[in-house]
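Read through the structure below, which is laid out as structure tokens, and then see the notes.
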Amino acid sequence: AAALVVALLAGCTPVAQNGDTVSLPAVVPAPASIEAGSGAPFRLSSATTVAGESDAAATLAEIVQARAGLAPASADDGADIELRIDRSAGSGAESYRIAVDEGSVVVTGADAAGLFYGVQTLGQLIARDGGEWIVPAVTIEDAPRFAYRGVMLDVARHFHPVETVKGYLDRAASLKLNALHLHLTDDQGWRIHLDSRPELTARASATAVGGDTGGFYSKDDYREIVEYAASRHMIVVPEVDMPGHTHAVGLAYPELAEDPTISEHMRDIIRDYGGEEPRAGVPYEGMAVGFSSVKVHEEATYDFVADVFGELAAMTPGPYLHFGGDESLSTSDEDFAAFVARASAIIADLGKTPVAWHEAGAAADIADTTVGQYWGYRTPQEGMAEKARAFADNGAQLILSPADAVYLDMKYPTGPELGLTWANGPTSVERAYSWEPSDVIPGIDDSGILGIEAPLWTETIRTAADIDTMAFPRAAAAAEAAWSPATGTSELRTWASFRERVGTLGPLWTSMGIGFHPSEEIPWA
Ligand code: TNX
């Protein structure tokens with residue numbers, strides 16, 4: 001009974017355990033296995049000592065300080081909290097175990113990333129019990145479902161400075177996400193300096209959507225982001241979107257770009273979203289897509305592609321380079337296929353794995369290793385599943401980003417004015433949560449899925465506070481799809497459980513400075 005009371009205080013989900021209904025501490029994303037202990041909780045105090053891996057200890061100290069205002073002391077042996085790496089432990093890469101009882105807390109990672117995730121879980125377990133800070137008695141064994149767990153930030157429609165990106169990395173890592181996809185270029189701006197093509201940032205980076213100021217990352221800025229990401233066990237996936245979404249390329253190197261194509265469809269988009277028509281040589285500040293293309297038949301275009309990805313490859317330790325390929329509405333199918341074949345081959349020849357939005361799956365000669373990123377709906381619309389499946393047919397995998405679930409730039413049903421609505425209208429937290437990755441594309445099960453990514457496009461998103469509002473709590477729903485056991489295989493993997501658990505994280509998120517949207521769908525603690 002005492003354990004139950006403690007569990008309730010800690011904000012928990014009732015589940016059946018050994019035939020009894022017990023309450024489990026709230027962990028998001030839901031762990032593979034969690035069992036409440038029957039004993040008294042561990043009590044955190046200013047006398048608590050920590051031993052073990054120093055990076056993990058530093059991470060834990062930050063969380064404990066933010067959440068409880070306590071500074072645990074480090075100790076060598078016999079400490080209260082032990083943080084270890086044991087390569088023979090657990091269930092593979094990124095896995096960890098936690099054992100908490102009245103006398104000790106032991107976190108064991110199978111590798112440094114696993115230990116980091118164990119520490120993130122431990123941070124979520126810290127709860128207030130009367131005047132004390134406690135960690136409820138519990139045993140957790142946890143490992144990710146998918147290897148790739150990402151968020152994307154569009155820094156082209158609105159530029160976001162290094163500090164904002166670092167904050168987003170912290171937030172993503174706390175949800176056990178391990179990839180930040182940076183959408184570095186689009187019609188509205190080119191956001192990364194490249195020595196081989198200096199005019200890109202000199203001529204095409206100053207502006208943004210709606211007449212806002214642009215910006216760009218120096219190579220040192222980019223390296224700083226990559227290093228910071230690595231310290232949180234995250235990779236950076238840089239995207240240079242081509243052959244469409246390239247109006248900015250034309251500002252810098254007019255000889256490489258076609259003049260804007262203004263179709264009837266484009267006029268509809270401009271009518272819906274407002275803004276001016278794109279004009280060659282003039283920065284584009286609207287929100288329309290699909291009017292630009294690089295010159296697919298010019299050899300110089302492929303020199304450009306090789307320069308751009310060559311420099312990015314040299315600065316990017318992660319395995320992936322994303323070449324876009326979405327919404328190339330003014331490039332013919334044949335030209336698109338020819339471009340995709342060459343761009344993907346250039347990236348593969350650099351020793352990297354190409355990634356492209358799912359439209360590129362239509363190109364018969366795409367490099368076989370290319371990973372596809374699916375952005376259709378949870379139930380694929382016309383033709384999208386076939387294009388996505390083409391990547392798997394080549395022997396590669398898919399990243400799933402179903403737009404009507406995990407597009408973090410979609411409006412909430414009630415809440416801030418920010419966001420768009422094209423993906424089936426506003427996206428509730430429940431809708432962001434309620435989908436199963438292996439049910440999205442017929443014929444694609446876990447073996448064909450590299451992972452899950454939640455993109456945040458920034459046509460309407462200007463500030464770090466805007467990012468927080470749109471991403472939280474919905475990024476946590478995406479993290480659960482990426483990390484936790486499949487729907488139907490765990491009692492925790494339900495909307496009813498998720499909303500309770502996420503609500504419990506409110507105080508932790510506040511202490512971390514996360515300005516989440518206080519959605520009325522969630523029973524916030
Ligand atoms: C579609 S889905 C886009 C982006 C927009 C976004 C806005 C996809 C790969 N491309 O160009 O920014 O919608 O939600």
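Naming works like this for the structure tokens: A, B, ... for the chains as they're shown, residue 1 at the start of each chain, ligands 1 onward in shown order.
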Neighbourhood of ligand 1 at 9 Å, counting only C-alpha atoms and all ligand atoms, reported as an mmCIF file with N, CA and C atoms, in the first residue's frame:
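As a result, part_18.cif now contains:
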```cif
data_model
loop_
_atom_site.group_PDB
_atom_site.id
_atom_site.type_symbol
_atom_site.label_atom_id
_atom_site.label_comp_id
_atom_site.auth_asym_id
_atom_site.auth_seq_id
_atom_site.Cartn_x
_atom_site.Cartn_y
_atom_site.Cartn_z
ATOM 1 N N ASP A 154 13.383 23.183 -39.830
ATOM 2 C CA ASP A 154 13.530 23.953 -41.064
ATOM 3 C C ASP A 154 14.136 25.308 -40.678
ATOM 4 N N ARG A 157 13.020 28.549 -43.979
ATOM 5 C CA ARG A 157 11.863 29.471 -44.029
ATOM 6 C C ARG A 157 12.025 30.555 -42.971
ATOM 7 N N ASP A 186 16.168 26.289 -48.865
ATOM 8 C CA ASP A 186 14.864 26.238 -49.528
ATOM 9 C C ASP A 186 14.740 27.482 -50.392
ATOM 10 N N HIS A 245 12.660 23.578 -54.732
ATOM 11 C CA HIS A 245 12.972 24.317 -53.494
ATOM 12 C C HIS A 245 14.343 25.001 -53.606
ATOM 13 N N MET A 287 5.162 31.700 -49.096
ATOM 14 C CA MET A 287 5.099 30.340 -48.541
ATOM 15 C C MET A 287 4.733 29.292 -49.582
ATOM 16 N N ALA A 288 4.705 29.682 -50.853
ATOM 17 C CA ALA A 288 4.347 28.712 -51.891
ATOM 18 C C ALA A 288 5.513 27.757 -52.131
ATOM 19 N N VAL A 289 5.182 26.590 -52.691
ATOM 20 C CA VAL A 289 6.215 25.596 -53.002
ATOM 21 C C VAL A 289 6.043 25.155 -54.460
ATOM 22 N N GLY A 290 7.102 24.579 -55.022
ATOM 23 C CA GLY A 290 6.954 23.878 -56.293
ATOM 24 C C GLY A 290 7.226 24.690 -57.543
ATOM 25 N N GLY A 324 16.751 16.027 -50.373
ATOM 26 C CA GLY A 324 15.419 16.593 -50.606
ATOM 27 C C GLY A 324 14.622 15.769 -51.598
ATOM 28 N N GLY A 325 14.315 16.372 -52.733
ATOM 29 C CA GLY A 325 13.562 15.663 -53.758
ATOM 30 C C GLY A 325 12.050 15.778 -53.625
ATOM 31 N N ASP A 326 11.572 16.602 -52.688
ATOM 32 C CA ASP A 326 10.123 16.751 -52.514
ATOM 33 C C ASP A 326 9.574 17.837 -53.425
ATOM 34 N N GLU A 327 8.308 17.683 -53.757
ATOM 35 C CA GLU A 327 7.510 18.754 -54.383
ATOM 36 C C GLU A 327 8.225 19.446 -55.543
ATOM 37 N N TRP A 357 13.157 12.600 -49.704
ATOM 38 C CA TRP A 357 11.705 12.512 -49.480
ATOM 39 C C TRP A 357 11.134 11.475 -50.440
ATOM 40 N N HIS A 358 9.976 10.926 -50.106
ATOM 41 C CA HIS A 358 9.525 9.705 -50.786
ATOM 42 C C HIS A 358 9.303 9.859 -52.292
ATOM 43 N N GLU A 359 9.047 11.071 -52.777
ATOM 44 C CA GLU A 359 8.832 11.244 -54.223
ATOM 45 C C GLU A 359 9.991 10.669 -55.038
ATOM 46 N N GLN A 373 12.210 9.046 -47.085
ATOM 47 C CA GLN A 373 11.469 9.669 -45.975
ATOM 48 C C GLN A 373 10.040 9.920 -46.422
ATOM 49 N N TYR A 374 9.121 9.167 -45.825
ATOM 50 C CA TYR A 374 7.712 9.197 -46.196
ATOM 51 C C TYR A 374 6.990 10.312 -45.446
ATOM 52 N N TRP A 375 6.330 11.213 -46.221
ATOM 53 C CA TRP A 375 5.615 12.312 -45.568
ATOM 54 C C TRP A 375 4.132 12.332 -45.899
ATOM 55 N N GLY A 376 3.615 11.228 -46.481
ATOM 56 C CA GLY A 376 2.166 11.147 -46.703
ATOM 57 C C GLY A 376 1.432 10.964 -45.379
ATOM 58 N N SER A 401 7.451 9.794 -41.530
ATOM 59 C CA SER A 401 7.063 11.100 -40.988
ATOM 60 C C SER A 401 5.639 11.417 -41.433
ATOM 61 N N ALA A 403 2.499 13.018 -42.182
ATOM 62 C CA ALA A 403 2.273 14.452 -41.956
ATOM 63 C C ALA A 403 1.079 14.731 -41.063
ATOM 64 N N TYR A 407 3.828 15.930 -38.185
ATOM 65 C CA TYR A 407 4.283 17.251 -38.652
ATOM 66 C C TYR A 407 4.019 18.258 -37.537
ATOM 67 N N LEU A 408 5.093 18.666 -36.883
ATOM 68 C CA LEU A 408 4.947 19.521 -35.705
ATOM 69 C C LEU A 408 4.544 20.947 -36.069
ATOM 70 N N ASP A 409 4.549 21.257 -37.374
ATOM 71 C CA ASP A 409 4.138 22.615 -37.785
ATOM 72 C C ASP A 409 2.640 22.700 -38.033
ATOM 73 N N MET A 410 1.895 21.602 -37.861
ATOM 74 C CA MET A 410 0.447 21.699 -38.011
ATOM 75 C C MET A 410 -0.148 22.361 -36.772
ATOM 76 N N GLY A 419 1.090 27.878 -37.122
ATOM 77 C CA GLY A 419 1.008 26.596 -37.801
ATOM 78 C C GLY A 419 0.119 26.608 -39.027
ATOM 79 N N LEU A 420 0.216 25.521 -39.778
ATOM 80 C CA LEU A 420 -0.541 25.322 -41.012
ATOM 81 C C LEU A 420 -1.576 24.228 -40.762
ATOM 82 N N THR A 421 -2.426 23.995 -41.768
ATOM 83 C CA THR A 421 -3.503 23.005 -41.566
ATOM 84 C C THR A 421 -3.653 22.045 -42.739
ATOM 85 N N TRP A 422 -2.709 22.078 -43.693
ATOM 86 C CA TRP A 422 -2.961 21.292 -44.916
ATOM 87 C C TRP A 422 -3.006 19.785 -44.678
ATOM 88 N N ALA A 423 -2.357 19.282 -43.632
ATOM 89 C CA ALA A 423 -2.295 17.828 -43.425
ATOM 90 C C ALA A 423 -3.535 17.361 -42.669
ATOM 91 N N PRO A 455 9.060 16.293 -38.349
ATOM 92 C CA PRO A 455 9.560 17.540 -38.934
ATOM 93 C C PRO A 455 8.838 18.775 -38.393
ATOM 94 N N LEU A 456 9.604 19.843 -38.268
ATOM 95 C CA LEU A 456 9.019 21.139 -37.906
ATOM 96 C C LEU A 456 9.404 22.145 -38.987
ATOM 97 N N TRP A 457 8.455 22.381 -39.893
ATOM 98 C CA TRP A 457 8.645 23.404 -40.932
ATOM 99 C C TRP A 457 8.336 24.747 -40.303
ATOM 100 N N THR A 458 8.985 25.793 -40.794
ATOM 101 C CA THR A 458 8.933 27.025 -40.002
ATOM 102 C C THR A 458 8.400 28.246 -40.763
ATOM 103 N N GLU A 459 7.486 28.004 -41.707
ATOM 104 C CA GLU A 459 6.880 29.161 -42.376
ATOM 105 C C GLU A 459 6.298 30.144 -41.358
#
```
Enumerate, as a ChimeraX atom specification, the complete set of residues in region 47-241 of chain A that a backbone-based DSSP assignment places in strand (DSSP E or B).
/A:49-52,73-74,81-85,96-100,105-109,127-129,132-135,138-142,148-154,179-183,185-186,189-190,192,207,213,217,235-241
| task | May I ask for the distance between CA of Lys352 (chain A) and CA of Leu177 (chain A), given in Å to one decimal place? | result |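 Taking CA of Lys352 (chain A) as the start and CA of Leu177 (chain A) as the end point, the length is 21.1 Å.
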*Restricting the calculation to only C-alpha atoms, which member of A:Ile98, A:Val237, A:Ala388, A:Val162 is positioned closest to Ile444 (chain A)?*
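Nearest candidate to Ile444 (chain A) out of A:Ile98, A:Val237, A:Ala388, A:Val162: A:Ala388.
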Check: Which residues, written as a list in words, have at least one atom at most 9 Å from region 389-395 of chain A, with only C-alpha atoms counted and residues fewer than 2 positions away on the same chain left out?
Finding: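 Once the adjacent positions are removed, what remains is His358, Ala360, Gly361, Ala362, Ala363, Ala364, Ile366, Ala367, Asp368, Thr369, Thr370, Val371, Gly372, Met384, Ala385, Glu386, Lys387, Gln397, Leu398, Ile441, Pro442, Gly443, Ile444, Gly448 and Ile449 of chain A.
You will find CA of His160 (chain A) at 15.7 Å from CA of Ala229 (chain A).
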